[in-house]
2 protein chains.
Amino acid sequence: MAILSEKVLRRLTFYYYILVDWAAQDQTYISSPMLAEMLGVDDSQVRKDLKLLNNNGKNKVGYEVQELKASIEKTLGLKRPKAAFIIGAGNLGAALAKYDNFAHYGLKITALFDNSMAKIKRQINGHQVYHTAQLMTWAHKHPAEIAILTVPASAAQAAADLAIAAGAQYLWNFAPAVIKVPHGIKVWYENIMGDFLSFTAQMPS
Amino acid sequence: MAILSEKVLRRLTFYYYILVDWAAQDQTYISSPMLAEMLGVDDSQVRKDLKLLNNNGKNKVGYEVQELKASIEKTLGLKRPKAAFIIGAGNLGAALAKYDNFAHYGLKITALFDNSMAKIKRQINGHQVYHTAQLMTWAHKHPAEIAILTVPASAAQAAADLAIAAGAQYLWNFAPAVIKVPHGIKVWYENIMGDFLSFTAQMPS
DNA sequence: TAGATTGTTAATCGATTAACAATC
DNA sequence: TAGATTGTTAATCGATTAACAATC
């Protein structure tokens, strides 16, 4: 299968949300114009996207809901287990550690790390919080390919460097900061504050 | 000023993060090749973006850091106060209510609302949690243009309908669900789970 | 001055939309 | 059958990159 663009992947997740809903309501088929209307995109776009996953629709009725759902699950790797540690045990880090839904999507949180002595030794939703100085040793015993960075902007680069040294190859960065990483390391900017700003920038002043 | 595309706005937030950092280090100028390198985009892209804000660079030295920072702050409306209520006082809602940084970006949380009796009457970071049945009355006295939806997917549509009835025109939706809204209402999908899925879909299986 | 940088136009690239024959 | 829908190609649209004269 060809590599899917970020745009396509993002739409796939929206199709998926809708399919989960339709499956729960025992709907058998869904058509491209229906999906298109719900997402606000063109229906030919939907058909193209689904064709990329080698799904075939039926004329007059559309696509089989269960089949399509399974196909997106496979493409997005929902069944593939992935381990991650969290650096930054503040509010956001804790919220993510409490978010049990991650497990449904294949993500397993191994532990949290923080610089603050006040936070270590606590447990959050069954996950232990350790001092960052222990991360290298921990990651050696519990390898994780993903690091979740929920630190302040000023600590983001140091956290990224540490995560990479500990073997993480995918950084999910929630800090409002641009970080520099070696070639081959992937960074996803979960730019919540930035998203908010671009959202509100649409408002009339 | 022309309406800025979502792509441009997103880049502006990244420039902003860098400028905050450079300003803190008392740097006077920054050039487009420097910004481009940090963001991984073309330098002509940077110059185009900055030109959209009517910023003028100086040959040989680049752009004035403080001036550019102020200009982006103005464009993104960081100084314009905006009120929001949160529907869903679970972990994510609580994390957002605790995130004091919002205030720096002009967002004021007025209150939280939840369906669960167990959660109401609590305070989170000084913000009161009320029952959703009280939202209409509350919003009448404390109008807010933004509603932050941090409910489970199954409750997303109902929360959206309620928020709109209460006068919100901008919905910041953290629930993994596609919602239907009347024309004129803006929705921003903060698709954390979806972002994670598109991120990990890049991984080799 | 020489050389780095801006501002801007033209070229390229990729994503979205339109259109329509084929299908059941 | 008639009509809704798929699958796919062509056309359009928008965003990114390349190129370079002008500048200080």
# chains A, B, ... in the order shown; residues from 1 in each chain; ligands from 1
>>> residues_around(residues="region 15-24 of chain D", least_positions_apart="2", cutoff="8 Å", atoms="only C-alpha atoms (C1' of nucleotides)", output="number ranges by chain")
B: 42, 44-45, 59-60; C: 6, 11-13
>>> interface_residues(of="chain A", to="chain C", cutoff="12 Å", atoms="only C-alpha atoms (C1' of nucleotides)", output="PyMOL selection string")
chain A and resi 5-8+41-46+48-49+57-62
>>> select_by_dssp(residues="region 12-202 of chain B", states="strand (DSSP E)", output="PyMOL selection string")
chain B and resi 29-30+63-64+82-87+107-114+123-124+127-131+146-149+170-173+186-189
>>> write_last_selection(atoms="N, CA, C and O atoms", output="short mmCIF file (atom, residue, chain, number, x, y, z; two decimals), in the first residue's frame")
data_model
loop_
_atom_site.label_atom_id
_atom_site.label_comp_id
_atom_site.auth_asym_id
_atom_site.auth_seq_id
_atom_site.Cartn_x
_atom_site.Cartn_y
_atom_site.Cartn_z
N TYR B 29 17.57 40.36 15.93
CA TYR B 29 17.09 40.03 14.59
C TYR B 29 17.02 38.52 14.37
O TYR B 29 17.76 37.76 14.99
N ILE B 30 16.13 38.12 13.46
CA ILE B 30 16.09 36.73 13.02
C ILE B 30 15.80 36.73 11.53
O ILE B 30 15.02 37.54 11.04
N TYR B 63 14.59 40.03 10.26
CA TYR B 63 13.42 40.69 10.86
C TYR B 63 13.69 41.02 12.32
O TYR B 63 14.39 40.29 13.02
N GLU B 64 13.08 42.10 12.76
CA GLU B 64 13.25 42.55 14.14
C GLU B 64 12.39 41.67 15.06
O GLU B 64 11.18 41.59 14.90
N LYS B 82 -11.37 36.42 25.51
CA LYS B 82 -12.40 35.52 25.01
C LYS B 82 -12.86 34.64 26.16
O LYS B 82 -12.04 34.11 26.89
N ALA B 83 -14.16 34.50 26.33
CA ALA B 83 -14.70 33.69 27.42
C ALA B 83 -15.12 32.32 26.90
O ALA B 83 -15.57 32.19 25.77
N ALA B 84 -14.94 31.31 27.74
CA ALA B 84 -15.32 29.95 27.35
C ALA B 84 -15.81 29.18 28.56
O ALA B 84 -15.34 29.39 29.68
N PHE B 85 -16.78 28.28 28.34
CA PHE B 85 -17.12 27.33 29.38
C PHE B 85 -16.75 25.94 28.89
O PHE B 85 -16.60 25.71 27.68
N ILE B 86 -16.53 25.04 29.84
CA ILE B 86 -16.11 23.68 29.52
C ILE B 86 -17.27 22.73 29.81
O ILE B 86 -17.83 22.78 30.91
N ILE B 87 -17.64 21.90 28.85
CA ILE B 87 -18.63 20.86 29.14
C ILE B 87 -17.87 19.53 29.23
O ILE B 87 -17.21 19.12 28.27
N LEU B 107 -7.67 33.56 26.82
CA LEU B 107 -8.85 32.72 27.08
C LEU B 107 -9.19 32.69 28.56
O LEU B 107 -8.35 32.38 29.40
N LYS B 108 -10.44 33.02 28.86
CA LYS B 108 -10.90 33.01 30.25
C LYS B 108 -11.96 31.92 30.41
O LYS B 108 -13.01 31.96 29.77
N ILE B 109 -11.68 30.93 31.26
CA ILE B 109 -12.64 29.87 31.55
C ILE B 109 -13.63 30.41 32.58
O ILE B 109 -13.21 30.89 33.64
N THR B 110 -14.92 30.34 32.26
CA THR B 110 -15.90 30.88 33.22
C THR B 110 -16.36 29.80 34.20
O THR B 110 -16.50 30.07 35.40
N ALA B 111 -16.61 28.58 33.72
CA ALA B 111 -17.08 27.51 34.59
C ALA B 111 -17.02 26.18 33.85
O ALA B 111 -16.80 26.14 32.64
N LEU B 112 -17.20 25.08 34.62
CA LEU B 112 -17.29 23.75 34.01
C LEU B 112 -18.68 23.19 34.25
O LEU B 112 -19.33 23.52 35.24
N PHE B 113 -19.10 22.30 33.35
CA PHE B 113 -20.41 21.67 33.48
C PHE B 113 -20.27 20.17 33.26
O PHE B 113 -19.45 19.73 32.44
N ASP B 114 -21.05 19.40 34.01
CA ASP B 114 -20.97 17.96 33.89
C ASP B 114 -22.33 17.35 34.22
O ASP B 114 -23.13 17.93 34.97
N GLN B 123 -14.72 22.38 42.98
CA GLN B 123 -14.03 23.47 42.31
C GLN B 123 -12.76 22.91 41.69
O GLN B 123 -12.10 22.06 42.29
N ILE B 124 -12.43 23.37 40.51
CA ILE B 124 -11.18 22.95 39.87
C ILE B 124 -10.40 24.21 39.55
O ILE B 124 -10.82 25.00 38.71
N HIS B 127 -12.36 27.21 39.47
CA HIS B 127 -13.53 27.23 38.59
C HIS B 127 -14.59 26.28 39.14
O HIS B 127 -14.30 25.11 39.40
N GLN B 128 -15.81 26.78 39.25
CA GLN B 128 -16.89 25.97 39.80
C GLN B 128 -17.37 24.95 38.76
O GLN B 128 -17.40 25.23 37.56
N VAL B 129 -17.74 23.75 39.24
CA VAL B 129 -18.36 22.75 38.37
C VAL B 129 -19.86 22.72 38.67
O VAL B 129 -20.27 22.52 39.82
N TYR B 130 -20.67 22.93 37.64
CA TYR B 130 -22.12 22.91 37.77
C TYR B 130 -22.71 21.74 36.99
O TYR B 130 -22.05 21.15 36.13
N HIS B 131 -23.97 21.47 37.27
CA HIS B 131 -24.68 20.46 36.47
C HIS B 131 -25.06 21.07 35.12
O HIS B 131 -25.35 22.26 35.04
N ILE B 146 -17.11 30.82 23.24
CA ILE B 146 -16.44 29.54 23.00
C ILE B 146 -16.94 28.49 23.97
O ILE B 146 -17.09 28.76 25.16
N ALA B 147 -17.19 27.27 23.45
CA ALA B 147 -17.50 26.13 24.31
C ALA B 147 -16.42 25.08 24.09
O ALA B 147 -16.09 24.77 22.94
N ILE B 148 -15.88 24.56 25.18
CA ILE B 148 -14.88 23.52 25.09
C ILE B 148 -15.54 22.20 25.45
O ILE B 148 -16.09 22.05 26.55
N LEU B 149 -15.54 21.27 24.53
CA LEU B 149 -16.24 20.00 24.73
C LEU B 149 -15.25 18.89 25.08
O LEU B 149 -14.47 18.45 24.24
N TYR B 170 -18.38 29.15 18.79
CA TYR B 170 -17.16 28.43 18.44
C TYR B 170 -17.05 27.21 19.35
O TYR B 170 -17.01 27.36 20.57
N LEU B 171 -17.02 26.04 18.76
CA LEU B 171 -16.93 24.82 19.54
C LEU B 171 -15.53 24.23 19.38
O LEU B 171 -15.08 23.98 18.27
N TRP B 172 -14.88 24.02 20.50
CA TRP B 172 -13.56 23.41 20.49
C TRP B 172 -13.77 21.99 20.97
O TRP B 172 -13.89 21.75 22.16
N ASN B 173 -13.83 21.08 20.03
CA ASN B 173 -14.29 19.72 20.33
C ASN B 173 -13.14 18.74 20.55
O ASN B 173 -12.44 18.37 19.62
N LYS B 186 -18.82 27.49 14.14
CA LYS B 186 -17.51 26.94 13.78
C LYS B 186 -17.10 25.83 14.75
O LYS B 186 -17.27 26.00 15.96
N VAL B 187 -16.55 24.78 14.21
CA VAL B 187 -16.06 23.68 15.05
C VAL B 187 -14.59 23.46 14.79
O VAL B 187 -14.16 23.43 13.64
N TRP B 188 -13.82 23.37 15.85
CA TRP B 188 -12.43 22.97 15.71
C TRP B 188 -12.29 21.60 16.34
O TRP B 188 -12.56 21.42 17.52
N TYR B 189 -11.83 20.65 15.54
CA TYR B 189 -11.64 19.30 16.05
C TYR B 189 -10.25 19.15 16.63
O TYR B 189 -9.27 19.14 15.90
#
>>> residues_around(residues="Leu96 (chain B)", least_positions_apart="5", cutoff="9 Å", atoms="only C-alpha atoms (C1' of nucleotides)", output="VMD selection string")
(chain A and resid 91 to 92) or (chain B and resid 86 91 102)
>>> write_last_selection(atoms="C-alpha atoms", output="tab-separated table (two decimals), in the first residue's frame")
chain	number	residue	atom	x	y	z
A	91	ASN	CA	-1.86	18.27	34.70
A	92	LEU	CA	-1.69	17.34	31.07
B	86	ILE	CA	-16.11	23.68	29.52
B	91	ASN	CA	-9.64	14.32	33.38
B	102	PHE	CA	-4.73	29.95	28.66
>>> interface_residues(of="chain A", to="chain B", cutoff="7 Å", atoms="only C-alpha atoms", output="list in words")
Glu6, Leu9, Arg10, Thr13, Phe14, Tyr17, Ile18, Leu76, Gly77, Asn91, Leu92, Ala95, Lys98, Pro176, Ala177, Val178, Trp188, Gly194, Leu197, Ser198, Phe199 and Ala201 of chain A
>>> write_last_selection(atoms="N, CA and C atoms", output="PDB file, in the first residue's frame")
ATOM      1  N   GLU A   6      -0.768  12.745   5.413  1.00  0.00           N
ATOM      2  CA  GLU A   6      -1.325  13.155   6.691  1.00  0.00           C
ATOM      3  C   GLU A   6      -2.805  13.516   6.572  1.00  0.00           C
ATOM      4  N   LEU A   9      -4.857  10.333   6.328  1.00  0.00           N
ATOM      5  CA  LEU A   9      -4.910   9.669   7.631  1.00  0.00           C
ATOM      6  C   LEU A   9      -5.884  10.371   8.570  1.00  0.00           C
ATOM      7  N   ARG A  10      -5.850  11.673   8.549  1.00  0.00           N
ATOM      8  CA  ARG A  10      -6.746  12.424   9.414  1.00  0.00           C
ATOM      9  C   ARG A  10      -8.210  12.167   9.040  1.00  0.00           C
ATOM     10  N   THR A  13      -9.442   8.829  10.316  1.00  0.00           N
ATOM     11  CA  THR A  13      -9.871   8.774  11.722  1.00  0.00           C
ATOM     12  C   THR A  13     -11.305   9.288  11.867  1.00  0.00           C
ATOM     13  N   PHE A  14     -11.680  10.279  11.076  1.00  0.00           N
ATOM     14  CA  PHE A  14     -13.056  10.787  11.146  1.00  0.00           C
ATOM     15  C   PHE A  14     -14.044   9.762  10.582  1.00  0.00           C
ATOM     16  N   TYR A  17     -14.596   7.245  13.338  1.00  0.00           N
ATOM     17  CA  TYR A  17     -15.525   7.660  14.397  1.00  0.00           C
ATOM     18  C   TYR A  17     -16.971   7.429  13.952  1.00  0.00           C
ATOM     19  N   ILE A  18     -17.243   7.783  12.716  1.00  0.00           N
ATOM     20  CA  ILE A  18     -18.601   7.628  12.191  1.00  0.00           C
ATOM     21  C   ILE A  18     -18.962   6.145  12.072  1.00  0.00           C
ATOM     22  N   LEU A  76      -4.713   1.891  10.397  1.00  0.00           N
ATOM     23  CA  LEU A  76      -4.214   2.787  11.439  1.00  0.00           C
ATOM     24  C   LEU A  76      -3.444   2.023  12.517  1.00  0.00           C
ATOM     25  N   GLY A  77      -3.397   0.730  12.382  1.00  0.00           N
ATOM     26  CA  GLY A  77      -2.590  -0.047  13.321  1.00  0.00           C
ATOM     27  C   GLY A  77      -3.154  -0.098  14.719  1.00  0.00           C
ATOM     28  N   ASN A  91      -0.442  18.526  34.957  1.00  0.00           N
ATOM     29  CA  ASN A  91      -1.859  18.268  34.699  1.00  0.00           C
ATOM     30  C   ASN A  91      -2.100  17.508  33.403  1.00  0.00           C
ATOM     31  N   LEU A  92      -1.450  17.966  32.360  1.00  0.00           N
ATOM     32  CA  LEU A  92      -1.691  17.343  31.070  1.00  0.00           C
ATOM     33  C   LEU A  92      -1.147  15.917  31.048  1.00  0.00           C
ATOM     34  N   ALA A  95      -3.467  13.794  32.946  1.00  0.00           N
ATOM     35  CA  ALA A  95      -4.715  13.555  32.211  1.00  0.00           C
ATOM     36  C   ALA A  95      -4.508  12.456  31.167  1.00  0.00           C
ATOM     37  N   LYS A  98      -4.307   9.098  32.704  1.00  0.00           N
ATOM     38  CA  LYS A  98      -5.608   8.625  33.180  1.00  0.00           C
ATOM     39  C   LYS A  98      -6.534   8.227  32.033  1.00  0.00           C
ATOM     40  N   PRO A 176       4.418  23.799  23.910  1.00  0.00           N
ATOM     41  CA  PRO A 176       4.360  24.844  22.880  1.00  0.00           C
ATOM     42  C   PRO A 176       5.749  25.341  22.530  1.00  0.00           C
ATOM     43  N   ALA A 177       6.522  24.475  21.902  1.00  0.00           N
ATOM     44  CA  ALA A 177       7.896  24.815  21.548  1.00  0.00           C
ATOM     45  C   ALA A 177       8.321  24.008  20.331  1.00  0.00           C
ATOM     46  N   VAL A 178       9.173  24.611  19.528  1.00  0.00           N
ATOM     47  CA  VAL A 178       9.741  23.912  18.381  1.00  0.00           C
ATOM     48  C   VAL A 178      10.995  23.209  18.851  1.00  0.00           C
ATOM     49  N   TRP A 188       5.666  14.670  16.339  1.00  0.00           N
ATOM     50  CA  TRP A 188       4.311  15.139  16.074  1.00  0.00           C
ATOM     51  C   TRP A 188       4.022  16.271  17.050  1.00  0.00           C
ATOM     52  N   GLY A 194      -1.541  26.384  20.011  1.00  0.00           N
ATOM     53  CA  GLY A 194      -1.504  26.901  18.651  1.00  0.00           C
ATOM     54  C   GLY A 194      -2.792  26.664  17.898  1.00  0.00           C
ATOM     55  N   LEU A 197      -5.189  29.170  19.039  1.00  0.00           N
ATOM     56  CA  LEU A 197      -4.921  30.481  18.464  1.00  0.00           C
ATOM     57  C   LEU A 197      -5.363  30.557  17.013  1.00  0.00           C
ATOM     58  N   SER A 198      -5.111  29.511  16.248  1.00  0.00           N
ATOM     59  CA  SER A 198      -5.553  29.603  14.854  1.00  0.00           C
ATOM     60  C   SER A 198      -7.073  29.537  14.770  1.00  0.00           C
ATOM     61  N   PHE A 199      -7.674  28.861  15.732  1.00  0.00           N
ATOM     62  CA  PHE A 199      -9.136  28.801  15.780  1.00  0.00           C
ATOM     63  C   PHE A 199      -9.719  30.188  16.071  1.00  0.00           C
ATOM     64  N   ALA A 201      -8.314  33.016  15.826  1.00  0.00           N
ATOM     65  CA  ALA A 201      -7.905  34.065  14.894  1.00  0.00           C
ATOM     66  C   ALA A 201      -8.988  34.303  13.837  1.00  0.00           C
TER      67      ALA A 201
END
>>> select_by_dssp(residues="region 9-83 of chain B", states="alpha helix (DSSP H)", output="VMD selection string")
chain B and resid 9 to 24 32 to 39 43 to 52 65 to 75
>>> write_last_selection(atoms="C-alpha atoms", output="compact mmCIF listing (two decimals), in the first residue's frame")
# COMPACT_ATOMS: atom_id res chain seq x y z
CA LEU B 9 -1.96 30.44 11.07
CA ARG B 10 -0.40 27.22 12.26
CA ARG B 11 3.03 28.32 11.05
CA LEU B 12 2.54 31.68 12.72
CA THR B 13 2.15 29.94 16.07
CA PHE B 14 5.43 28.11 15.52
CA TYR B 15 7.20 31.32 14.56
CA TYR B 16 5.75 32.79 17.71
CA TYR B 17 7.19 30.07 19.94
CA ILE B 18 10.61 30.67 18.44
CA LEU B 19 10.32 34.45 18.77
CA VAL B 20 9.38 34.18 22.44
CA ASP B 21 12.50 32.11 22.94
CA TRP B 22 14.73 34.50 20.99
CA ALA B 23 13.29 37.54 22.73
CA ALA B 24 14.07 35.92 26.08
CA SER B 32 13.92 33.88 7.16
CA PRO B 33 16.48 31.10 6.48
CA MET B 34 16.85 30.64 10.25
CA LEU B 35 13.12 30.38 10.88
CA ALA B 36 12.77 28.14 7.84
CA GLU B 37 15.43 25.76 9.05
CA MET B 38 13.83 25.43 12.48
CA LEU B 39 10.39 24.75 11.04
CA ASP B 43 12.67 30.28 3.42
CA SER B 44 10.56 31.96 0.76
CA GLN B 45 7.55 30.50 2.53
CA VAL B 46 8.60 32.29 5.70
CA ARG B 47 9.02 35.59 3.91
CA LYS B 48 5.62 35.23 2.28
CA ASP B 49 3.97 34.47 5.60
CA LEU B 50 5.55 37.45 7.31
CA LYS B 51 4.69 39.70 4.40
CA LEU B 52 1.02 38.77 4.93
CA VAL B 65 12.36 39.98 16.82
CA GLN B 66 10.28 42.18 19.13
CA GLU B 67 8.40 43.80 16.28
CA LEU B 68 7.60 40.46 14.68
CA LYS B 69 6.52 38.97 17.98
CA ALA B 70 4.17 41.89 18.63
CA SER B 71 2.82 41.64 15.12
CA ILE B 72 1.97 37.93 15.49
CA GLU B 73 0.41 38.58 18.88
CA LYS B 74 -1.83 41.14 17.28
CA THR B 75 -2.78 38.90 14.36
>>> atom_distance(atom1="CA of Lys79 (chain A)", atom2="CA of Asn54 (chain A)")
18.7 Å
